[in-house]
Amino acid sequence: MNDKHGLLQHLSDCVVNMEDERVVDVSRAYVDAGHPALEGILEGLVDGMNRAGALYDEEEYFVSDLLLCSDAMYAGLAELKPHLPESEKRARKIRVVIGVVEGDTHDIGKNLVKIMLETAGFEMYDLGRDVPVEAFVAKAKEVGASLVCLSTLMTTTMTNMGRIVALLEKENMRDAVKVIIGGAPVSPAFAKKIGADAYADNAVSAVSVARQLLAAELGQMARDSRDA
């Protein structure tokens with residue numbers, strides 16, 4: 001089947017149905033039929049991941065399901081990305097540093113947030129787990145990040161989130177860098193207490209929170225893209 005609409009739907013379904021091997025065949029068929037790779041990514045793979053995210057938000061999918069869906073999405077991306085026009089490969093994205101704060105090695109929640117933000121078009125720099133306070137700030141400075149996402153599942157490591165916000169302040173980076181925190185023991189009240197910009201209670205809401213915080217920058221990028 002070479003029909004573009006049908007192949008896009010098939011790409012989306014492969015992601016939702018966690019078919020990480022089948023999506024490779026469909027991606028190749030899509031490219032071989034001469035259809036644009038960018039549409040395959042956005043209207044096929046990303047659409048499927050957004051559908052999976054909605055199912056997760058509605059508690060019909062679990063964390064394990066969403067991770068398997070992301071495996072399928074990444075498998076498709078590996079096939080389609082080499083076929084993007086050079087202009088798209090060089091297109092500017094908002095840069096985000098993400099990681100689990102020092103002392104905590106629980107990273108499933110962080111991984112989900114990374115997947116959903118990457119799906120939404122952000123350029124992700126994942127520092128992993130048990131990340132020293134200084135590493136977040138150094139990476140944000142190095143890549144010119146507009147957003148830092150901090151995660152912890154332990155009450156004993158929550159204070160490191162505040163230390164990161166304070167260090168960003170000390171380095172005169174707070175005006176340029178927004179901070180979102182998340183994890184079971186944290187709350188909107190704690191975010192306010194440490195001076196973070198926002199709290200997100202799950203991976204799906206993290207996307208909408210990030211878009212709200214960075215609305216001005218996203219809007220300017222959209223205008224620049226239209227003017228280019």
# chains A, B, ... in the order shown; residues from 1 in each chain; ligands from 1
>>> residues_around(residues="range 6-16 of chain A", least_positions_apart="3", cutoff="8 Å", atoms="only C-alpha atoms", output="count of residues only")
25
>>> select_by_dssp(residues="range 69-120 of chain A", states="strand (DSSP E or B)", output="list of chain:residue names")
A:Arg95, A:Val96, A:Val97, A:Ile98, A:Gly99, A:Val100, A:Val101
>>> residues_around(residues="Leu214 in chain A", least_positions_apart="3", cutoff="12 Å", atoms="only C-alpha atoms", output="list of chain:residue names")
A:Lys93, A:Ile94, A:Arg95, A:Val96, A:Phe122, A:Ala145, A:Ser146, A:Leu147, A:Val148, A:Asp175, A:Ala176, A:Val177, A:Lys178, A:Val179, A:Ile180, A:Asp197, A:Ala198, A:Val207, A:Ser208, A:Val209, A:Ala210, A:Arg211, A:Glu217, A:Leu218, A:Gly219, A:Gln220, A:Met221
>>> residues_around(residues="range 125-136 of chain A", least_positions_apart="4", cutoff="12 Å", atoms="only C-alpha atoms", output="number ranges by chain")
A: 93-115, 117-118, 140-154, 157-168, 170-171, 173, 177, 179
>>> select_by_dssp(residues="range 41-108 of chain A", states="helix (DSSP H, G or I)", output="VMD selection string")
chain A and resid 41 to 57 63 to 83 86 to 89 108
>>> atom_distance(atom1="CA of Ala78 in chain A", atom2="CA of Ala206 in chain A")
24.9 Å
>>> atom_distance(atom1="CA of Leu55 in chain A", atom2="CA of Asp71 in chain A")
16.4 Å
